[in-house]
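Here's model16.csv, which has CSV, C-alpha atoms:
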```csv
chain,number,residue,atom,x,y,z
X,13,MET,CA,6.1,16.7,29.9
X,14,LEU,CA,5.0,13.8,27.6
X,15,CYS,CA,3.5,12.0,30.6
X,16,GLU,CA,0.8,14.7,30.9
X,17,ILE,CA,-0.7,13.9,27.5
X,18,VAL,CA,-1.7,10.3,28.5
X,19,GLU,CA,-5.0,10.8,30.3
X,20,PRO,CA,-6.5,13.6,28.1
X,21,LEU,CA,-5.5,11.7,25.0
X,22,LEU,CA,-7.1,8.5,26.1
X,23,SER,CA,-10.3,10.2,27.2
X,24,TRP,CA,-10.5,12.0,23.8
X,25,TYR,CA,-9.9,8.7,21.9
X,26,ARG,CA,-12.5,6.8,23.7
X,27,ARG,CA,-15.1,9.4,23.0
X,28,ASN,CA,-14.2,10.1,19.4
X,29,LYS,CA,-12.5,7.1,17.9
X,30,ARG,CA,-13.7,6.1,14.4
X,31,VAL,CA,-15.6,2.9,13.8
X,32,LEU,CA,-13.3,0.7,11.7
X,33,PRO,CA,-13.8,-2.9,10.6
X,34,TRP,CA,-10.6,-4.1,12.3
X,35,ARG,CA,-10.8,-2.0,15.4
X,36,ASP,CA,-11.8,-3.4,18.9
X,37,LYS,CA,-12.0,-7.0,17.5
X,38,ASN,CA,-9.2,-8.4,19.8
X,39,ASN,CA,-7.9,-10.2,16.6
X,40,ALA,CA,-4.2,-10.2,15.9
X,41,TYR,CA,-4.7,-11.2,12.3
X,42,TYR,CA,-7.1,-8.3,11.7
X,43,THR,CA,-4.6,-5.9,13.3
X,44,TRP,CA,-1.8,-7.3,11.1
X,45,VAL,CA,-3.7,-7.2,7.8
X,46,SER,CA,-5.1,-3.7,8.5
X,47,GLU,CA,-1.7,-2.2,9.5
X,48,ILE,CA,0.0,-3.6,6.3
X,49,MET,CA,-2.8,-2.3,4.1
X,50,LEU,CA,-2.7,1.2,5.8
X,51,GLN,CA,0.9,1.8,4.9
X,52,GLN,CA,0.7,4.7,2.5
X,53,THR,CA,-3.0,4.2,1.9
X,54,ARG,CA,-5.9,6.2,3.4
X,55,VAL,CA,-8.3,4.6,5.9
X,56,GLU,CA,-11.4,5.1,3.8
X,57,ALA,CA,-9.7,3.5,0.8
X,58,VAL,CA,-8.6,0.5,2.8
X,59,LYS,CA,-12.0,-0.4,4.3
X,60,PRO,CA,-13.4,-2.3,1.3
X,61,TYR,CA,-10.1,-4.0,0.6
X,62,PHE,CA,-9.9,-5.2,4.2
X,63,MET,CA,-13.4,-6.6,4.1
X,64,ARG,CA,-12.8,-8.4,0.8
X,65,PHE,CA,-9.5,-9.8,1.9
X,66,THR,CA,-10.6,-11.1,5.3
X,67,GLU,CA,-13.8,-12.5,3.9
X,68,ALA,CA,-11.7,-14.6,1.4
X,69,LEU,CA,-8.8,-15.3,3.8
X,70,PRO,CA,-10.3,-15.2,7.4
X,71,ASP,CA,-7.2,-16.4,9.2
X,72,VAL,CA,-3.5,-17.1,9.1
X,73,ALA,CA,-4.0,-20.6,7.7
X,74,ALA,CA,-6.0,-19.4,4.8
X,75,LEU,CA,-3.4,-16.7,4.0
X,76,ALA,CA,-0.6,-19.3,4.2
X,77,HIS,CA,-2.2,-21.6,1.7
X,78,CYS,CA,-3.7,-19.1,-0.7
X,79,PRO,CA,-2.6,-19.6,-4.4
X,80,GLU,CA,-0.5,-16.7,-5.7
X,81,ASP,CA,-2.8,-15.5,-8.4
X,82,LYS,CA,-5.8,-15.4,-6.0
X,83,LEU,CA,-3.6,-13.5,-3.4
X,84,MET,CA,-2.6,-10.9,-6.0
X,85,LYS,CA,-6.2,-10.5,-7.1
X,86,LEU,CA,-7.3,-9.9,-3.5
X,87,TRP,CA,-4.6,-7.2,-3.1
X,88,GLU,CA,-5.2,-5.7,-6.5
X,89,GLY,CA,-5.5,-1.9,-6.3
X,90,LEU,CA,-3.5,-1.5,-3.1
X,91,GLY,CA,-0.1,-1.6,-4.8
X,92,TYR,CA,3.2,-2.5,-3.2
X,93,TYR,CA,2.5,-6.2,-3.9
X,94,ASN,CA,5.7,-7.3,-2.1
X,95,ARG,CA,3.9,-6.5,1.1
X,96,VAL,CA,1.2,-9.1,0.6
X,97,ARG,CA,3.9,-11.6,-0.6
X,98,ASN,CA,5.8,-11.0,2.6
X,99,MET,CA,2.6,-11.4,4.6
X,100,GLN,CA,2.1,-14.8,3.1
X,101,LYS,CA,5.7,-15.8,3.9
X,102,ALA,CA,5.1,-14.6,7.5
X,103,ALA,CA,1.9,-16.6,7.6
X,104,ILE,CA,3.8,-19.7,6.6
X,105,GLN,CA,6.3,-19.0,9.4
X,106,VAL,CA,3.5,-18.7,11.9
X,107,MET,CA,2.0,-22.0,10.8
X,108,GLU,CA,5.4,-23.8,11.0
X,109,ASP,CA,6.9,-22.1,14.0
X,110,TYR,CA,4.0,-21.0,16.2
X,111,GLN,CA,1.3,-23.6,15.5
X,112,GLY,CA,-0.8,-21.2,13.5
X,113,LYS,CA,-1.1,-18.5,16.3
X,114,ILE,CA,0.4,-15.1,15.7
X,115,PRO,CA,3.0,-14.7,18.5
X,116,GLU,CA,2.5,-12.2,21.3
X,117,SER,CA,6.0,-11.0,21.9
X,118,PHE,CA,7.5,-8.0,20.1
X,119,GLN,CA,10.7,-9.8,19.4
X,120,ALA,CA,8.9,-12.8,17.9
X,121,LEU,CA,6.7,-10.6,15.8
X,122,ILE,CA,9.6,-8.6,14.4
X,123,SER,CA,11.3,-11.8,13.3
X,124,LEU,CA,8.5,-12.5,10.9
X,125,LYS,CA,8.9,-11.5,7.2
X,126,GLY,CA,7.8,-8.0,6.4
X,127,ILE,CA,7.0,-7.0,10.0
X,128,GLY,CA,9.0,-4.0,11.3
X,129,SER,CA,9.1,-2.3,14.7
X,130,TYR,CA,5.9,-0.3,14.0
X,131,THR,CA,3.7,-3.2,12.9
X,132,ALA,CA,5.1,-5.5,15.6
X,133,GLY,CA,4.3,-2.8,18.2
X,134,ALA,CA,0.8,-2.4,16.8
X,135,ILE,CA,0.0,-6.1,16.9
X,136,ALA,CA,1.6,-6.7,20.3
X,137,SER,CA,-0.1,-3.7,22.0
X,138,ILE,CA,-3.5,-3.7,20.3
X,139,ALA,CA,-4.2,-7.4,20.1
X,140,TYR,CA,-2.3,-8.7,23.1
X,141,GLY,CA,-2.0,-5.7,25.5
X,142,VAL,CA,1.8,-5.8,25.5
X,143,PRO,CA,3.1,-2.3,26.6
X,144,VAL,CA,5.3,-1.4,23.6
X,145,PRO,CA,5.1,1.7,21.4
X,146,ALA,CA,3.9,1.7,17.7
X,147,VAL,CA,5.5,4.6,16.0
X,148,ASP,CA,4.3,5.5,12.5
X,149,GLY,CA,4.4,8.7,10.5
X,150,ASN,CA,1.4,10.1,12.4
X,151,VAL,CA,3.0,9.5,15.7
X,152,LEU,CA,6.3,11.0,14.6
X,153,ARG,CA,4.5,14.1,13.6
X,154,VAL,CA,2.5,14.4,16.8
X,155,ILE,CA,5.4,13.9,19.1
X,156,SER,CA,7.7,16.2,17.1
X,157,ARG,CA,5.1,19.0,17.4
X,158,ILE,CA,4.4,18.4,21.1
X,159,THR,CA,8.1,18.5,22.0
X,160,GLU,CA,8.9,21.1,19.3
X,161,SER,CA,11.7,18.9,18.2
X,162,SER,CA,13.9,19.9,15.2
X,163,ASP,CA,15.3,16.4,14.8
X,164,ASP,CA,15.0,14.8,11.4
X,165,ILE,CA,12.2,12.2,11.6
X,166,MET,CA,13.7,10.3,8.7
X,167,LYS,CA,16.7,9.3,10.8
X,168,GLN,CA,16.4,5.9,12.5
X,169,SER,CA,18.0,7.3,15.6
X,170,VAL,CA,15.2,9.9,16.0
X,171,ARG,CA,12.5,7.2,15.6
X,172,LYS,CA,14.3,5.1,18.2
X,173,LYS,CA,14.4,8.0,20.6
X,174,ILE,CA,10.7,8.7,20.2
X,175,GLU,CA,10.0,5.0,20.8
X,176,ASN,CA,12.1,5.1,24.0
X,177,ASP,CA,10.3,8.2,25.2
X,178,LEU,CA,6.9,6.7,24.6
X,179,GLN,CA,7.9,3.5,26.3
X,180,GLU,CA,8.5,5.5,29.4
X,181,ILE,CA,4.9,6.8,29.5
X,182,MET,CA,3.1,3.8,28.1
X,183,PRO,CA,0.1,2.9,30.3
X,184,GLU,CA,0.4,-0.7,31.4
X,185,ASP,CA,-3.3,-1.3,31.4
X,186,CYS,CA,-4.2,0.0,27.9
X,187,PRO,CA,-1.2,0.2,25.6
X,188,GLY,CA,-3.2,-0.6,22.5
X,189,ASP,CA,-5.7,2.3,23.2
X,190,PHE,CA,-2.8,4.7,23.8
X,191,ASN,CA,-1.0,3.8,20.6
X,192,GLN,CA,-4.2,4.0,18.6
X,193,ALA,CA,-5.0,7.3,20.3
X,194,LEU,CA,-1.7,8.8,19.1
X,195,MET,CA,-2.2,7.4,15.6
X,196,GLU,CA,-5.8,8.7,15.5
X,197,LEU,CA,-4.7,12.2,16.7
X,198,GLY,CA,-2.2,12.3,13.8
X,199,ALA,CA,-4.8,11.1,11.3
X,200,VAL,CA,-7.7,13.4,12.1
X,201,ILE,CA,-6.4,16.4,14.2
X,202,CYS,CA,-2.6,16.9,14.0
X,203,ILE,CA,-2.6,16.5,10.3
X,204,PRO,CA,0.3,17.5,8.0
X,205,ASN,CA,1.1,20.4,5.8
X,206,GLY,CA,0.2,23.2,8.3
X,207,GLN,CA,-3.5,22.1,8.4
X,208,ALA,CA,-3.5,20.9,12.0
X,209,LYS,CA,-6.8,21.5,13.9
X,210,CYS,CA,-5.3,22.7,17.0
X,211,GLY,CA,-8.6,24.1,18.3
X,212,GLU,CA,-9.9,20.6,18.5
X,213,CYS,CA,-6.8,18.9,20.0
X,214,PRO,CA,-7.1,17.4,23.4
X,215,VAL,CA,-3.5,17.9,24.2
X,216,SER,CA,-2.8,21.4,22.7
X,217,SER,CA,-2.2,22.8,26.2
X,218,TYR,CA,0.9,20.5,26.4
X,219,CYS,CA,2.1,21.2,22.9
X,220,GLU,CA,5.2,23.4,22.6
X,221,ALA,CA,4.7,24.1,18.9
X,222,PHE,CA,1.1,25.2,19.5
X,223,ARG,CA,2.3,27.5,22.3
X,224,HIS,CA,4.9,29.1,20.2
X,225,HIS,CA,2.8,29.2,17.0
X,226,THR,CA,5.3,27.0,15.1
X,227,VAL,CA,3.2,24.0,14.3
X,228,GLU,CA,3.7,24.4,10.6
X,229,ARG,CA,7.4,24.0,11.0
X,230,PHE,CA,7.2,20.5,12.3
X,231,PRO,CA,8.1,17.7,11.8
X,232,VAL,CA,11.5,18.3,10.3
X,233,LYS,CA,11.9,15.8,7.5
X,234,SER,CA,14.9,15.5,5.0
X,235,ALA,CA,14.0,15.4,1.4
X,236,LYS,CA,13.7,12.1,-0.3
X,237,LYS,CA,16.0,11.1,-3.1
X,238,ALA,CA,14.5,12.2,-6.5
X,239,ARG,CA,12.7,9.5,-8.4
X,240,SER,CA,14.2,8.3,-11.7
X,241,ILE,CA,12.1,8.8,-14.8
X,242,GLU,CA,11.5,5.9,-17.2
X,243,GLU,CA,9.8,6.4,-20.6
X,244,ARG,CA,7.8,3.4,-21.8
X,245,THR,CA,5.5,2.5,-24.8
X,246,VAL,CA,2.5,0.4,-23.9
X,247,PHE,CA,0.5,-1.7,-26.3
X,248,VAL,CA,-3.2,-2.5,-26.1
X,249,ILE,CA,-3.3,-5.2,-28.8
X,250,GLN,CA,-6.8,-6.6,-29.7
X,251,ASP,CA,-8.4,-8.8,-32.2
X,252,GLY,CA,-11.9,-7.4,-31.5
X,253,ARG,CA,-12.9,-9.1,-28.3
X,254,ARG,CA,-9.7,-10.2,-26.7
X,255,THR,CA,-6.7,-8.2,-25.4
X,256,ALA,CA,-3.1,-9.4,-25.2
X,257,ILE,CA,-1.5,-9.5,-21.7
X,258,SER,CA,1.6,-11.1,-20.3
X,259,LYS,CA,3.0,-12.1,-16.9
X,260,ARG,CA,5.9,-10.1,-15.5
X,261,PRO,CA,9.0,-11.9,-14.3
X,262,ALA,CA,8.9,-13.5,-10.8
X,263,LYS,CA,11.4,-11.0,-9.4
X,264,GLY,CA,11.7,-7.2,-9.6
X,265,LEU,CA,9.2,-4.4,-10.0
X,266,LEU,CA,5.5,-5.7,-10.1
X,267,ALA,CA,6.9,-9.2,-9.9
X,268,GLY,CA,4.5,-11.9,-11.1
X,269,LEU,CA,1.6,-9.6,-12.0
X,270,TYR,CA,0.1,-9.2,-15.5
X,271,GLU,CA,0.6,-6.3,-17.8
X,272,PHE,CA,0.0,-5.0,-21.3
X,273,PRO,CA,3.0,-5.6,-23.6
X,274,ASN,CA,5.3,-2.7,-23.2
X,275,VAL,CA,8.9,-1.6,-24.1
X,276,PRO,CA,11.4,0.9,-22.8
X,277,GLY,CA,11.4,4.3,-24.6
X,278,TYR,CA,9.0,6.1,-26.8
X,279,LEU,CA,8.2,4.4,-30.2
X,280,SER,CA,6.9,6.2,-33.2
X,281,ARG,CA,3.8,4.8,-35.0
X,282,GLU,CA,6.1,3.0,-37.5
X,283,GLU,CA,8.2,1.5,-34.8
X,284,ALA,CA,5.1,0.5,-32.9
X,285,LEU,CA,3.8,-1.4,-36.0
X,286,GLU,CA,7.1,-3.1,-36.5
X,287,TYR,CA,7.0,-4.2,-32.8
X,288,VAL,CA,3.6,-5.8,-33.3
X,289,GLU,CA,4.7,-7.5,-36.5
X,290,ARG,CA,7.7,-9.0,-34.7
X,291,LEU,CA,5.1,-10.7,-32.4
X,292,ASN,CA,3.9,-12.5,-35.5
X,293,LEU,CA,0.7,-10.4,-35.7
X,294,GLU,CA,-0.9,-8.6,-38.6
X,295,PRO,CA,-1.8,-5.0,-37.7
X,296,LEU,CA,-5.0,-3.7,-39.2
X,297,TYR,CA,-5.4,-0.4,-37.4
X,298,ILE,CA,-3.4,1.7,-34.9
X,299,GLU,CA,-4.4,4.7,-32.8
X,300,GLU,CA,-2.3,6.6,-30.3
X,301,LEU,CA,-3.9,6.8,-26.8
X,302,GLN,CA,-3.6,9.5,-24.2
X,303,PRO,CA,-0.2,9.5,-22.4
X,304,ALA,CA,-0.2,8.5,-18.7
X,305,LYS,CA,2.2,8.3,-15.8
X,306,HIS,CA,2.5,6.2,-12.7
X,307,ILE,CA,4.6,7.0,-9.7
X,308,PHE,CA,6.3,4.2,-7.7
X,309,SER,CA,8.3,4.9,-4.6
X,310,HIS,CA,11.6,5.3,-6.5
X,311,ILE,CA,10.6,5.4,-10.2
X,312,GLU,CA,8.2,7.4,-12.3
X,313,TRP,CA,6.9,5.8,-15.5
X,314,ARG,CA,5.9,8.1,-18.2
X,315,MET,CA,3.9,6.1,-20.7
X,316,LYS,CA,3.0,6.6,-24.4
X,317,ALA,CA,0.4,4.0,-25.7
X,318,TYR,CA,-1.0,2.6,-28.8
X,319,ARG,CA,-4.2,0.6,-29.3
X,320,VAL,CA,-3.6,-1.8,-32.2
X,321,ARG,CA,-6.3,-3.9,-33.9
X,322,VAL,CA,-4.9,-7.1,-35.4
X,323,SER,CA,-6.4,-9.8,-37.7
X,324,SER,CA,-6.0,-12.5,-35.1
X,325,LEU,CA,-4.2,-13.2,-31.9
X,326,GLU,CA,-3.9,-16.9,-32.6
X,327,LYS,CA,-0.5,-16.7,-34.4
X,328,THR,CA,1.5,-15.6,-31.4
X,329,VAL,CA,2.4,-19.1,-30.2
X,330,GLY,CA,5.4,-19.1,-27.9
X,331,SER,CA,5.3,-15.3,-27.4
X,332,GLY,CA,4.3,-15.5,-23.7
X,333,LEU,CA,1.1,-13.6,-24.4
X,334,LEU,CA,-2.3,-14.4,-22.9
X,335,PHE,CA,-5.5,-13.4,-24.7
X,336,THR,CA,-8.3,-12.4,-22.4
X,337,ASP,CA,-11.4,-10.2,-22.1
X,338,LYS,CA,-12.4,-7.9,-19.3
X,339,ASN,CA,-14.6,-10.4,-17.5
X,340,GLU,CA,-11.9,-13.1,-17.5
X,341,THR,CA,-9.2,-10.6,-16.4
X,342,GLU,CA,-11.3,-9.3,-13.5
X,343,LYS,CA,-11.7,-12.9,-12.2
X,344,GLN,CA,-8.2,-14.3,-12.8
X,345,TYR,CA,-5.5,-11.9,-13.7
X,346,THR,CA,-4.1,-9.0,-11.6
X,347,ILE,CA,-3.2,-6.0,-13.7
X,348,PRO,CA,-1.5,-3.4,-11.4
X,349,SER,CA,-2.7,0.2,-11.2
X,350,ALA,CA,0.4,1.3,-13.2
X,351,PHE,CA,-1.6,0.2,-16.3
X,352,GLY,CA,-4.9,1.5,-15.0
X,353,ALA,CA,-5.1,4.3,-17.6
X,354,TYR,CA,-5.4,1.6,-20.3
X,355,ALA,CA,-7.4,-1.2,-18.6
X,356,GLY,CA,-10.6,0.5,-19.6
X,357,TYR,CA,-9.9,-0.5,-23.2
X,358,MET,CA,-10.4,-4.2,-22.5
X,359,LYS,CA,-13.5,-5.7,-24.0
X,360,GLU,CA,-16.2,-7.6,-22.1
X,361,GLU,CA,-17.4,-11.0,-23.1
X,362,ASN,CA,-20.8,-10.8,-24.8
```

Kindly return the structure encoded in the file as structure tokens.
Amino acid sequence: MLCEIVEPLLSWYRRNKRVLPWRDKNNAYYTWVSEIMLQQTRVEAVKPYFMRFTEALPDVAALAHCPEDKLMKLWEGLGYYNRVRNMQKAAIQVMEDYQGKIPESFQALISLKGIGSYTAGAIASIAYGVPVPAVDGNVLRVISRITESSDDIMKQSVRKKIENDLQEIMPEDCPGDFNQALMELGAVICIPNGQAKCGECPVSSYCEAFRHHTVERFPVKSAKKARSIEERTVFVIQDGRRTAISKRPAKGLLAGLYEFPNVPGYLSREEALEYVERLNLEPLYIEELQPAKHIFSHIEWRMKAYRVRVSSLEKTVGSGLLFTDKNETEKQYTIPSAFGAYAGYMKEEN
């Protein structure tokens, strides 16, 4: 049955595909960068990040040699910073092991840091015409509905089965178009949460879920493990123009990025003032800011915050704090979106 979707899907894709800055460029580096950026991020949101990143780092060599702070700044706003760190590690591998050329074979690609079967399949098929599937969440949803499969798409065995099924029908002459067509269908037509636009689908006549009016039941997906909740108190400490920030440890959550000083748990105003005094600072004024939360993949931060005016930031020698204004931070320091609710309190240089 799946073999019947190939031609109508390809015809639809070639007539309706979106114009994207990385599409139809025959550029493995562009495919790689875009696919990593698109993980858990919408296409429209990715476009400006992709343009900025590839303008600054146009090829593998530039990525391999980019200083860490600049790399983090270019990625700022996309989150999941380990992805770009792994990209740089993979770029170094490519420079050392493949003479700076991203390899064509699926097995070579999957051996690179941070590249899994989906990304390897996307690069191999789109950039090099290698007939291998690229199965992401969109594709899992599309195929589950077409086949009316009740298998749990969170299981690796189910993903592998779908990869094998698609391998059987992969067109040898245009595997990249076929993979992109499946992704595109899932992104704009066969969308999640019961909102599928079946009336516009080029393969609805081959879809078992459409035929039986069961589209909203698929795909079957086991519930994720509940996120743990962490309470934190964040400090926006200022001496008028400058704001205190610090660099996070090299390993762990948000590794190597910059943050506002913060501590676990919720502090009262009195406890907050004591914390600032322990930094060797003299508090002049304190105000409580609006609470905020940030959701990571496995943790949810619930933040309480204080803005504290101090007499001077000069006395905190050895504290690990940096003192910066908004302009300087925007140029040099990457503050992750976890602290986005409080970044607006930073002052600009006059």

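Using all atoms listed in the file, the nearest neighbour of Leu50 in chain X within the list X:Asn38, X:Asn274, X:Ser169, X:Thr131 is X:Thr131.
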
Residues within 10 Å of Ser123 in chain X, only C-alpha atoms, excluding chain neighbours under 6 positions, as a PyMOL selection string: chain X and resi 102+105+129+132

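Note that the spacing between CA of Arg314 in chain X and CA of Glu243 in chain X amounts to 4.9 Å.
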
Spatial neighbours of Arg157 in chain X, max dist 10 Å, all atoms listed in the file, sep filter under 5 positions, as an MDAnalysis selection string: chainID X and resid 151:152 162 202 216 219:222 226:232

Range 275-280 of chain X environment, 8 Å, only C-alpha atoms, sequence neighbours closer than 2 positions dropped, as a PyMOL selection string: chain X and resi 242-246+273+282-284+315-316

Nearest residue to Asn39 in chain X from the set X:Pro20, X:Pro204, X:Gly126, X:Gly141 (distances using all atoms listed in the file): X:Gly141

Which neighbours of Pro70 in chain X fall inside 12 Å, counting all atoms listed in the file, when residues of the same chain fewer than 4 positions from it are skipped, and could you give them as a compact mmCIF listing (two decimals) with C-alpha atoms, in the frame of the given file?
```txt
# COMPACT_ATOMS: atom_id res chain seq x y z
CA ASN X 39 -7.90 -10.20 16.60
CA ALA X 40 -4.20 -10.20 15.90
CA TYR X 41 -4.70 -11.20 12.30
CA TYR X 42 -7.10 -8.30 11.70
CA VAL X 45 -3.70 -7.20 7.80
CA PHE X 62 -9.90 -5.20 4.20
CA MET X 63 -13.40 -6.60 4.10
CA ARG X 64 -12.80 -8.40 0.80
CA PHE X 65 -9.50 -9.80 1.90
CA THR X 66 -10.60 -11.10 5.30
CA ALA X 74 -6.00 -19.40 4.80
CA LEU X 75 -3.40 -16.70 4.00
CA ALA X 76 -0.60 -19.30 4.20
CA HIS X 77 -2.20 -21.60 1.70
CA CYS X 78 -3.70 -19.10 -0.70
```

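Nearest-residue note for Leu32 in chain X: choosing from X:Lys59, X:Lys338, X:His225, X:Arg54, the minimum distance belongs to X:Lys59, counting all atoms listed in the file.
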
Residues near Glu312 in chain X, cut-off 10 Å, only C-alpha atoms, skip fewer than 3 positions along chain, as a list in words: Ala238, Arg239, Ser240, Ile241, Glu242, Glu243, Lys305, His306, Ile307, Phe308, Ser309, Met315 and Ala350 of chain X

Å distance separating CA of Gly198 in chain X from CA of Cys213 in chain X, one decimal place: 10.2 Å

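Here CA of Arg260 in chain X and CA of Thr346 in chain X stand 10.8 Å from one another.
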
Nearby residues, (5.6, -5.7, 11.2) file frame, 12 Å, all atoms listed in the file, as a PyMOL selection string: chain X and resi 40-41+43-49+51+95-96+98-99+102+114-115+117-136+146-148

Reconstruct all heavy atoms of range 20-27 of chain X from the incomplete input and present them as a compact mmCIF listing (two decimals), in the coordinates of the input.
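Listed below is the output, rebuild.txt:
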```txt
# COMPACT_ATOMS: atom_id res chain seq x y z
N PRO X 20 -5.61 12.88 29.04
CA PRO X 20 -6.50 13.60 28.10
C PRO X 20 -6.57 12.96 26.74
O PRO X 20 -7.63 12.97 26.09
CB PRO X 20 -5.91 15.02 28.06
CG PRO X 20 -4.53 14.90 28.59
CD PRO X 20 -4.54 13.75 29.55
N LEU X 21 -5.47 12.38 26.27
CA LEU X 21 -5.50 11.70 25.00
C LEU X 21 -6.34 10.49 24.97
O LEU X 21 -7.15 10.28 24.05
CB LEU X 21 -4.03 11.37 24.58
CG LEU X 21 -3.82 10.75 23.20
CD1 LEU X 21 -4.28 11.69 22.11
CD2 LEU X 21 -2.34 10.39 23.00
N LEU X 22 -6.23 9.67 26.01
CA LEU X 22 -7.10 8.50 26.10
C LEU X 22 -8.54 8.82 26.22
O LEU X 22 -9.39 8.18 25.57
CB LEU X 22 -6.63 7.63 27.32
CG LEU X 22 -5.33 6.83 27.16
CD1 LEU X 22 -4.90 6.26 28.50
CD2 LEU X 22 -5.50 5.71 26.13
N SER X 23 -8.87 9.84 27.01
CA SER X 23 -10.30 10.20 27.20
C SER X 23 -10.85 10.71 25.82
O SER X 23 -11.97 10.36 25.45
CB SER X 23 -10.39 11.36 28.20
OG SER X 23 -10.00 10.91 29.47
N TRP X 24 -10.06 11.51 25.11
CA TRP X 24 -10.50 12.00 23.80
C TRP X 24 -10.72 10.81 22.83
O TRP X 24 -11.73 10.75 22.12
CB TRP X 24 -9.45 12.94 23.23
CG TRP X 24 -9.66 13.26 21.77
CD1 TRP X 24 -10.51 14.19 21.26
CD2 TRP X 24 -9.02 12.63 20.65
NE1 TRP X 24 -10.44 14.18 19.88
CE2 TRP X 24 -9.54 13.24 19.48
CE3 TRP X 24 -8.07 11.63 20.53
CZ2 TRP X 24 -9.12 12.87 18.21
CZ3 TRP X 24 -7.66 11.25 19.26
CH2 TRP X 24 -8.18 11.86 18.11
N TYR X 25 -9.77 9.88 22.80
CA TYR X 25 -9.90 8.70 21.90
C TYR X 25 -11.10 7.91 22.16
O TYR X 25 -11.83 7.54 21.22
CB TYR X 25 -8.60 7.88 22.02
CG TYR X 25 -8.65 6.58 21.25
CD1 TYR X 25 -8.58 6.57 19.86
CD2 TYR X 25 -8.79 5.36 21.92
CE1 TYR X 25 -8.64 5.38 19.15
CE2 TYR X 25 -8.83 4.17 21.21
CZ TYR X 25 -8.77 4.19 19.83
OH TYR X 25 -8.83 3.00 19.14
N ARG X 26 -11.37 7.62 23.41
CA ARG X 26 -12.50 6.80 23.70
C ARG X 26 -13.84 7.41 23.41
O ARG X 26 -14.82 6.73 23.14
CB ARG X 26 -12.42 6.35 25.21
CG ARG X 26 -11.29 5.34 25.44
CD ARG X 26 -10.89 5.20 26.88
NE ARG X 26 -9.82 4.20 27.03
CZ ARG X 26 -9.04 4.09 28.10
NH1 ARG X 26 -9.22 4.90 29.15
NH2 ARG X 26 -8.09 3.16 28.13
N ARG X 27 -13.87 8.73 23.39
CA ARG X 27 -15.10 9.40 23.00
C ARG X 27 -15.26 9.60 21.51
O ARG X 27 -16.37 9.64 21.00
CB ARG X 27 -15.14 10.83 23.66
CG ARG X 27 -15.33 10.85 25.16
CD ARG X 27 -15.68 12.28 25.62
NE ARG X 27 -14.74 13.27 25.10
CZ ARG X 27 -13.63 13.65 25.74
NH1 ARG X 27 -13.32 13.11 26.92
NH2 ARG X 27 -12.83 14.57 25.21
```
